[in-house]
file upload.csv (CSV, C-alpha atoms)
chain,number,residue,atom,x,y,z
A,1,MET,CA,14.2,16.9,14.3
A,2,GLU,CA,16.0,14.3,12.1
A,3,THR,CA,14.1,14.2,8.7
A,4,LYS,CA,17.0,12.2,7.2
A,5,PRO,CA,16.4,8.5,7.6
A,6,THR,CA,18.6,6.6,10.1
A,7,GLU,CA,19.2,2.9,9.7
A,8,ILE,CA,18.0,1.0,12.7
A,9,SER,CA,18.3,-2.6,11.6
A,10,SER,CA,19.7,-4.7,8.7
A,11,SER,CA,19.3,-8.4,7.8
A,12,LYS,CA,20.7,-10.3,4.8
A,13,MET,CA,18.1,-12.2,2.8
A,14,PHE,CA,18.4,-13.9,-0.6
A,15,GLU,CA,21.8,-12.1,-1.1
A,16,GLY,CA,20.1,-8.7,-0.6
A,17,TYR,CA,19.3,-6.8,2.6
A,18,ASN,CA,16.2,-5.9,4.6
A,19,LYS,CA,16.9,-2.5,6.1
A,20,ARG,CA,14.7,-0.6,8.5
A,21,TYR,CA,14.9,3.2,8.8
A,22,LYS,CA,13.5,5.8,11.2
A,23,HIS,CA,12.9,9.5,10.3
A,24,PHE,CA,10.8,12.4,11.4
A,25,SER,CA,7.9,13.0,9.0
A,26,PRO,CA,6.9,16.7,8.5
A,27,THR,CA,3.7,15.5,6.7
A,28,LEU,CA,2.5,13.4,9.7
A,29,GLY,CA,4.2,15.4,12.5
A,30,CYS,CA,5.8,12.3,14.2
A,31,SER,CA,8.6,9.8,13.8
A,32,MET,CA,8.0,7.1,11.3
A,33,THR,CA,9.7,3.8,10.4
A,34,PHE,CA,9.8,2.1,7.0
A,35,HIS,CA,11.6,-0.9,5.5
A,36,ILE,CA,13.5,-1.3,2.2
A,37,TYR,CA,14.6,-4.6,0.7
A,38,PHE,CA,17.6,-4.0,-1.4
A,39,PRO,CA,18.2,-6.8,-3.9
A,40,PRO,CA,21.8,-7.9,-4.6
A,41,SER,CA,23.4,-5.2,-6.9
A,42,PRO,CA,25.1,-6.2,-10.1
A,43,SER,CA,27.3,-3.1,-10.0
A,44,PRO,CA,28.0,-0.1,-7.7
A,45,SER,CA,26.2,2.4,-10.0
A,46,HIS,CA,23.1,0.2,-10.6
A,47,LYS,CA,19.7,1.7,-9.8
A,48,PHE,CA,16.7,-0.5,-8.8
A,49,PRO,CA,13.1,0.1,-9.8
A,50,ILE,CA,10.9,0.1,-6.7
A,51,LEU,CA,7.7,-1.5,-5.5
A,52,TYR,CA,5.7,0.1,-2.7
A,53,TRP,CA,3.8,-2.2,-0.4
A,54,LEU,CA,0.9,-0.8,1.6
A,55,SER,CA,-0.1,-3.0,4.5
A,56,GLY,CA,-3.5,-3.6,6.1
A,57,LEU,CA,-5.3,-2.8,9.3
A,58,THR,CA,-3.3,-3.2,12.5
A,59,CYS,CA,0.0,-3.7,10.6
A,60,THR,CA,3.3,-1.9,10.9
A,61,ASP,CA,6.1,-1.7,8.3
A,62,GLU,CA,7.3,-5.1,9.6
A,63,ASN,CA,4.5,-7.5,8.7
A,64,PHE,CA,5.1,-7.7,5.0
A,65,ILE,CA,8.9,-7.9,5.4
A,66,ILE,CA,8.7,-10.7,8.0
A,67,LYS,CA,5.8,-12.8,6.7
A,68,SER,CA,5.4,-12.4,2.9
A,69,GLY,CA,8.5,-14.1,1.5
A,70,ALA,CA,8.5,-11.4,-1.3
A,71,GLN,CA,12.2,-11.0,-1.1
A,72,ARG,CA,12.9,-14.2,-3.0
A,73,ALA,CA,11.3,-13.0,-6.2
A,74,ALA,CA,12.4,-9.4,-5.6
A,75,SER,CA,16.0,-10.5,-5.4
A,76,THR,CA,15.7,-12.6,-8.6
A,77,GLU,CA,13.8,-9.8,-10.5
A,78,GLY,CA,16.0,-6.9,-9.2
A,79,VAL,CA,13.1,-4.9,-7.7
A,80,ALA,CA,13.6,-3.0,-4.4
A,81,LEU,CA,10.6,-3.3,-1.9
A,82,ILE,CA,9.5,-0.3,0.1
A,83,ALA,CA,7.2,-0.9,3.1
A,84,PRO,CA,5.9,2.1,5.0
A,85,ASP,CA,3.9,2.0,8.2
A,86,THR,CA,0.1,2.3,8.1
A,87,SER,CA,-0.6,5.4,10.2
A,88,PRO,CA,1.1,8.1,12.3
A,89,ARG,CA,2.2,6.9,15.8
A,90,GLY,CA,2.8,8.4,19.2
A,91,LEU,CA,0.7,11.5,18.7
A,92,ASN,CA,-1.6,10.5,21.7
A,93,VAL,CA,-4.8,11.7,20.0
A,94,GLU,CA,-7.7,10.8,22.3
A,95,GLY,CA,-9.3,7.6,21.0
A,96,GLU,CA,-6.5,6.7,18.6
A,97,THR,CA,-6.1,3.2,20.0
A,98,ASP,CA,-9.7,2.5,21.0
A,99,SER,CA,-10.4,0.2,18.1
A,100,TRP,CA,-8.3,-1.9,15.8
A,101,ASP,CA,-10.0,-0.7,12.6
A,102,PHE,CA,-9.6,3.1,13.2
A,103,GLY,CA,-6.8,5.4,14.3
A,104,VAL,CA,-3.4,3.9,14.9
A,105,GLY,CA,-2.6,1.2,12.4
A,106,ALA,CA,-5.6,2.3,10.3
A,107,GLY,CA,-4.7,5.4,8.3
A,108,PHE,CA,-6.6,4.3,5.2
A,109,TYR,CA,-4.1,6.1,3.0
A,110,LEU,CA,-6.1,9.3,2.8
A,111,ASN,CA,-5.6,12.9,4.0
A,112,ALA,CA,-8.0,13.5,6.9
A,113,THR,CA,-9.9,16.8,6.8
A,114,GLN,CA,-11.4,16.6,10.3
A,115,GLN,CA,-9.4,18.7,12.8
A,116,LYS,CA,-9.0,16.0,15.4
A,117,TRP,CA,-7.3,13.7,12.9
A,118,LYS,CA,-5.4,16.3,11.0
A,119,ASN,CA,-2.1,14.4,11.3
A,120,TRP,CA,-3.6,11.4,9.5
A,121,ARG,CA,-2.2,12.3,6.0
A,122,MET,CA,-0.9,8.9,4.8
A,123,TYR,CA,-1.9,9.8,1.2
A,124,ASP,CA,0.6,12.7,1.1
A,125,TYR,CA,3.2,10.6,3.0
A,126,VAL,CA,3.1,7.8,0.5
A,127,VAL,CA,2.6,9.8,-2.7
A,128,LYS,CA,4.8,12.9,-1.9
A,129,GLU,CA,7.1,12.7,1.1
A,130,LEU,CA,8.4,9.1,0.9
A,131,PRO,CA,9.4,9.2,-2.8
A,132,GLN,CA,11.2,12.5,-2.2
A,133,LEU,CA,12.9,11.1,0.9
A,134,LEU,CA,14.0,8.0,-1.1
A,135,SER,CA,15.3,9.9,-4.1
A,136,GLU,CA,17.3,12.3,-1.9
A,137,ASN,CA,18.9,9.6,0.4
A,138,PHE,CA,19.2,6.4,-1.6
A,139,PRO,CA,21.1,6.8,-4.9
A,140,GLN,CA,20.7,3.1,-5.6
A,141,LEU,CA,16.9,3.5,-6.0
A,142,ASP,CA,15.3,4.8,-9.2
A,143,THR,CA,12.1,6.4,-7.8
A,144,SER,CA,11.0,7.3,-11.4
A,145,LYS,CA,10.4,3.6,-12.0
A,146,ALA,CA,7.8,2.7,-9.3
A,147,SER,CA,4.8,0.4,-8.9
A,148,ILE,CA,2.5,-0.1,-6.0
A,149,SER,CA,0.7,-3.0,-4.3
A,150,GLY,CA,-0.9,-3.8,-1.0
A,151,HIS,CA,-3.3,-5.9,1.1
A,152,SER,CA,-6.8,-5.2,2.4
A,153,MET,CA,-6.8,-1.6,3.6
A,154,GLY,CA,-3.4,-1.4,1.8
A,155,GLY,CA,-4.9,-2.8,-1.4
A,156,HIS,CA,-7.5,0.0,-1.2
A,157,GLY,CA,-4.5,2.4,-0.7
A,158,ALA,CA,-2.6,1.0,-3.7
A,159,LEU,CA,-5.6,1.1,-6.1
A,160,THR,CA,-6.7,4.6,-5.2
A,161,ILE,CA,-3.2,6.1,-5.1
A,162,TYR,CA,-2.4,4.4,-8.5
A,163,LEU,CA,-5.6,5.6,-10.2
A,164,LYS,CA,-5.1,9.2,-9.0
A,165,ASN,CA,-1.4,9.2,-10.0
A,166,LEU,CA,-1.2,7.2,-13.2
A,167,ASP,CA,1.9,9.2,-14.2
A,168,LYS,CA,3.8,8.1,-11.1
A,169,TYR,CA,3.3,4.4,-11.1
A,170,LYS,CA,3.9,1.8,-13.8
A,171,SER,CA,1.5,-0.9,-12.4
A,172,VAL,CA,-0.7,-1.8,-9.5
A,173,SER,CA,-1.8,-5.0,-7.8
A,174,ALA,CA,-3.6,-6.0,-4.6
A,175,PHE,CA,-4.5,-8.8,-2.3
A,176,ALA,CA,-8.0,-8.9,-0.9
A,177,PRO,CA,-8.5,-5.1,-1.3
A,178,ILE,CA,-11.3,-3.0,0.2
A,179,VAL,CA,-12.4,-1.8,-3.3
A,180,ASN,CA,-15.7,0.0,-2.4
A,181,PRO,CA,-15.1,1.5,1.1
A,182,ILE,CA,-18.1,3.9,0.8
A,183,ASN,CA,-20.3,0.8,0.9
A,184,CYS,CA,-18.7,-1.3,3.7
A,185,PRO,CA,-18.5,-0.9,7.5
A,186,TRP,CA,-14.7,-0.4,7.7
A,187,GLY,CA,-14.8,2.3,5.1
A,188,GLN,CA,-17.9,4.1,6.5
A,189,LYS,CA,-16.4,4.2,10.0
A,190,ALA,CA,-13.0,5.5,8.8
A,191,PHE,CA,-14.4,8.0,6.3
A,192,THR,CA,-17.0,9.5,8.7
A,193,ASN,CA,-14.3,10.1,11.3
A,194,TYR,CA,-11.4,11.2,9.0
A,195,LEU,CA,-13.4,13.0,6.3
A,196,GLY,CA,-16.7,14.0,7.9
A,197,ASN,CA,-20.1,13.6,6.3
A,198,ASP,CA,-19.3,14.9,2.8
A,199,LYS,CA,-20.0,11.8,0.6
A,200,ALA,CA,-18.3,13.5,-2.4
A,201,ALA,CA,-15.0,13.5,-0.3
A,202,TRP,CA,-15.5,9.8,0.4
A,203,GLU,CA,-15.7,9.0,-3.3
A,204,GLU,CA,-12.2,10.5,-3.8
A,205,TYR,CA,-10.8,7.5,-1.9
A,206,ASP,CA,-12.9,4.7,-3.4
A,207,ALA,CA,-11.4,2.7,-6.2
A,208,THR,CA,-14.8,1.6,-7.6
A,209,CYS,CA,-15.8,5.3,-7.9
A,210,LEU,CA,-12.4,6.5,-9.2
A,211,ILE,CA,-12.1,4.0,-12.0
A,212,SER,CA,-14.9,5.8,-14.0
A,213,LYS,CA,-12.7,9.0,-13.9
A,214,PHE,CA,-9.2,7.6,-14.1
A,215,HIS,CA,-9.2,4.6,-16.5
A,216,ASN,CA,-6.3,5.3,-18.8
A,217,VAL,CA,-4.2,2.6,-17.2
A,218,SER,CA,-0.9,1.5,-18.7
A,219,ALA,CA,-0.9,-2.1,-17.3
A,220,THR,CA,-3.5,-4.7,-16.4
A,221,ILE,CA,-4.7,-4.4,-12.8
A,222,LEU,CA,-4.0,-7.6,-10.9
A,223,ILE,CA,-6.0,-8.6,-7.8
A,224,ASP,CA,-5.8,-11.9,-5.9
A,225,GLN,CA,-8.8,-12.7,-3.6
A,226,GLY,CA,-9.2,-15.8,-1.4
A,227,GLU,CA,-12.6,-17.3,-1.8
A,228,ASP,CA,-12.7,-18.4,1.9
A,229,ASP,CA,-11.9,-14.8,3.1
A,230,LYS,CA,-14.4,-14.1,5.8
A,231,PHE,CA,-14.4,-10.4,4.9
A,232,LEU,CA,-15.2,-11.0,1.2
A,233,HIS,CA,-18.9,-10.4,1.1
A,234,ASP,CA,-19.4,-7.6,3.6
A,235,GLN,CA,-16.1,-5.6,3.6
A,236,LEU,CA,-14.1,-6.2,0.4
A,237,LEU,CA,-16.8,-6.4,-2.3
A,238,GLY,CA,-14.4,-7.3,-5.2
A,239,HIS,CA,-17.3,-7.8,-7.6
A,240,LYS,CA,-18.2,-4.1,-7.4
A,241,PHE,CA,-14.7,-3.1,-8.7
A,242,GLN,CA,-14.9,-5.8,-11.3
A,243,GLU,CA,-18.2,-4.4,-12.6
A,244,ALA,CA,-16.8,-0.9,-12.6
A,245,CYS,CA,-13.7,-1.9,-14.6
A,246,LYS,CA,-15.8,-3.7,-17.1
A,247,SER,CA,-18.0,-0.7,-17.7
A,248,VAL,CA,-15.0,1.5,-18.7
A,249,ASN,CA,-13.0,-1.3,-20.4
A,250,VAL,CA,-10.1,-1.4,-17.9
A,251,PRO,CA,-8.0,-4.6,-18.1
A,252,LEU,CA,-8.5,-6.4,-14.7
A,253,LEU,CA,-7.2,-9.8,-13.7
A,254,LEU,CA,-9.2,-10.8,-10.7
A,255,TRP,CA,-8.0,-14.2,-9.5
A,256,LEU,CA,-10.4,-15.9,-7.0
A,257,GLN,CA,-8.3,-18.5,-5.1
A,258,PRO,CA,-10.4,-21.4,-3.7
A,259,GLY,CA,-9.8,-22.2,0.0
A,260,TYR,CA,-7.6,-19.2,0.8
A,261,ASP,CA,-8.4,-16.7,3.6
A,262,HIS,CA,-7.4,-13.1,4.3
A,263,SER,CA,-4.0,-13.9,5.9
A,264,TYR,CA,-0.3,-13.8,5.0
A,265,PHE,CA,-0.5,-17.5,4.3
A,266,PHE,CA,-2.6,-16.5,1.3
A,267,ILE,CA,-0.3,-13.5,0.4
A,268,SER,CA,2.9,-15.6,0.6
A,269,THR,CA,1.4,-18.3,-1.7
A,270,PHE,CA,0.8,-15.8,-4.6
A,271,ILE,CA,3.3,-13.0,-3.9
A,272,ASP,CA,5.7,-14.2,-6.6
A,273,ASP,CA,3.1,-13.6,-9.3
A,274,HIS,CA,2.7,-10.0,-8.2
A,275,ILE,CA,6.4,-9.3,-8.0
A,276,ARG,CA,6.8,-10.7,-11.6
A,277,HIS,CA,3.7,-8.6,-12.7
A,278,HIS,CA,5.4,-5.4,-11.5
A,279,ALA,CA,8.9,-6.4,-12.7
A,280,LYS,CA,7.6,-6.7,-16.2
A,281,ALA,CA,5.9,-3.3,-16.1
A,282,LEU,CA,8.9,-1.6,-14.5
A,283,LYS,CA,11.4,-3.0,-17.1
A,284,LEU,CA,9.4,-1.8,-20.1

call {"tool": "encode", "arguments": {"input": "upload.csv", "output": "structure tokens"}}
result
Amino acid sequence: METKPTEISSSKMFEGYNKRYKHFSPTLGCSMTFHIYFPPSPSPSHKFPILYWLSGLTCTDENFIIKSGAQRAASTEGVALIAPDTSPRGLNVEGETDSWDFGVGAGFYLNATQQKWKNWRMYDYVVKELPQLLSENFPQLDTSKASISGHSMGGHGALTIYLKNLDKYKSVSAFAPIVNPINCPWGQKAFTNYLGNDKAAWEEYDATCLISKFHNVSATILIDQGEDDKFLHDQLLGHKFQEACKSVNVPLLLWLQPGYDHSYFFISTFIDDHIRHHAKALKL
């Protein structure tokens, strides 16, 4: 099976290119797609720092690339964008498409320990397989200079992956992240099914729990949260992470944005701030 990525589409945007690739993932046991936005290159030998974007529930690798408008700032700042998918696909595990918040499109960026969901290893795919694939196949990318961001479930992924791999990423940001999944319905449903009933295993994928262990951050954590987000008070729980950061003196910028909801209208309004936040950290 073809583990090398094959280009399946290309579109010019802000003098750079959105390119979509397909490859077989040994980590997940299925074919996967991902997007790269390549900014315009100043010279043939130039290498771009990269920003990983992790998307939310129900999304594919396309949502961010099509809806966010992040390419404008990425082009100006000279940062490549990497957008993977949100779960394995096409494995036909019983029940994988029964609900929108679990299974396909809902990988939660963890390594499942329950046998039925053994292919759901998005943590290893994002942290290990994808960076290696990029460094081996795209000489124009500098995978040693990477930052990570995401939305909702992907914001949870970005924060937890960053905190557990502070040596691998220069900075982190998130839009409306699920910061305390052990205490919200989305997280409890996903963790019970993927990880079983061992609550200690759940805490390994909860940013609010992790910050007390991994708080030697090199850059301020940036979070944008819409105040009119219908998921704010029962699913996202941003104040829990804010309190946890405060207790270990972690620099956090939590911007509450009046009137904004959970959608890509909100993301596209503030994405430039996030691209610049990461560009600054990546160029240090």

call {"tool": "closest_residue", "arguments": {"input": "upload.csv", "among": "A:Ala244, A:Met32, A:Leu210, A:Leu252", "to": "Thr60 of chain A", "atoms": "all atoms listed in the file"}}
result
A:Met32

call {"tool": "residues_near_point", "arguments": {"input": "upload.csv", "point": "(6.3, -12.4, -10.7)", "cutoff": "12 Å", "atoms": "all atoms listed in the file", "output": "ChimeraX atom specification"}}
result
/A:70-79,173,222,269-282

call {"tool": "closest_residue", "arguments": {"input": "upload.csv", "among": "A:Asn183, A:Tyr194, A:Lys170, A:Leu159", "to": "Ala207 of chain A", "atoms": "all atoms listed in the file"}}
result
A:Leu159

call {"tool": "closest_residue", "arguments": {"input": "upload.csv", "among": "A:Gly29, A:Pro44, A:Pro49, A:Gly69", "to": "Met13 of chain A", "atoms": "all atoms listed in the file"}}
result
A:Gly69

call {"tool": "closest_residue", "arguments": {"input": "upload.csv", "among": "A:Leu134, A:Met153, A:Val217, A:Ile182", "to": "Val248 of chain A", "atoms": "all atoms listed in the file"}}
result
A:Val217

call {"tool": "atom_distance", "arguments": {"input": "upload.csv", "atom1": "atom CA of Tyr169 of chain A", "atom2": "atom CA of Ser10 of chain A"}}
result
27.3 Å

call {"tool": "residues_around", "arguments": {"input": "upload.csv", "residues": "Ile36 of chain A", "least_positions_apart": "6", "cutoff": "12 Å", "atoms": "all atoms listed in the file", "output": "PyMOL selection string"}}
result
chain A and resi 5+7-13+16-22+48+50-53+61-62+64-65+70-71+74+79-85+130+134+138+140-141

call {"tool": "residues_around", "arguments": {"input": "upload.csv", "residues": "Phe102 of chain A", "least_positions_apart": "3", "cutoff": "12 Å", "atoms": "only C-alpha atoms", "output": "number ranges by chain"}}
result
A: 56-58, 86-88, 93, 95-99, 105-109, 117, 120, 153, 185-194

call {"tool": "write_last_selection", "arguments": {"input": "upload.csv", "atoms": "C-alpha atoms", "output": "compact mmCIF listing (two decimals), in the coordinates of the input"}}
result
# COMPACT_ATOMS: atom_id res chain seq x y z
CA GLY A 56 -3.50 -3.60 6.10
CA LEU A 57 -5.30 -2.80 9.30
CA THR A 58 -3.30 -3.20 12.50
CA THR A 86 0.10 2.30 8.10
CA SER A 87 -0.60 5.40 10.20
CA PRO A 88 1.10 8.10 12.30
CA VAL A 93 -4.80 11.70 20.00
CA GLY A 95 -9.30 7.60 21.00
CA GLU A 96 -6.50 6.70 18.60
CA THR A 97 -6.10 3.20 20.00
CA ASP A 98 -9.70 2.50 21.00
CA SER A 99 -10.40 0.20 18.10
CA GLY A 105 -2.60 1.20 12.40
CA ALA A 106 -5.60 2.30 10.30
CA GLY A 107 -4.70 5.40 8.30
CA PHE A 108 -6.60 4.30 5.20
CA TYR A 109 -4.10 6.10 3.00
CA TRP A 117 -7.30 13.70 12.90
CA TRP A 120 -3.60 11.40 9.50
CA MET A 153 -6.80 -1.60 3.60
CA PRO A 185 -18.50 -0.90 7.50
CA TRP A 186 -14.70 -0.40 7.70
CA GLY A 187 -14.80 2.30 5.10
CA GLN A 188 -17.90 4.10 6.50
CA LYS A 189 -16.40 4.20 10.00
CA ALA A 190 -13.00 5.50 8.80
CA PHE A 191 -14.40 8.00 6.30
CA THR A 192 -17.00 9.50 8.70
CA ASN A 193 -14.30 10.10 11.30
CA TYR A 194 -11.40 11.20 9.00

call {"tool": "closest_residue", "arguments": {"input": "upload.csv", "among": "A:Lys213, A:Lys283, A:Lys230, A:His151", "to": "Val250 of chain A", "atoms": "all atoms listed in the file"}}
result
A:Lys213

call {"tool": "atom_distance", "arguments": {"input": "upload.csv", "atom1": "atom CA of Gln235 of chain A", "atom2": "atom CA of Phe34 of chain A"}}
result
27.2 Å

call {"tool": "atom_distance", "arguments": {"input": "upload.csv", "atom1": "atom CA of Gln225 of chain A", "atom2": "atom CA of Trp255 of chain A"}}
result
6.1 Å
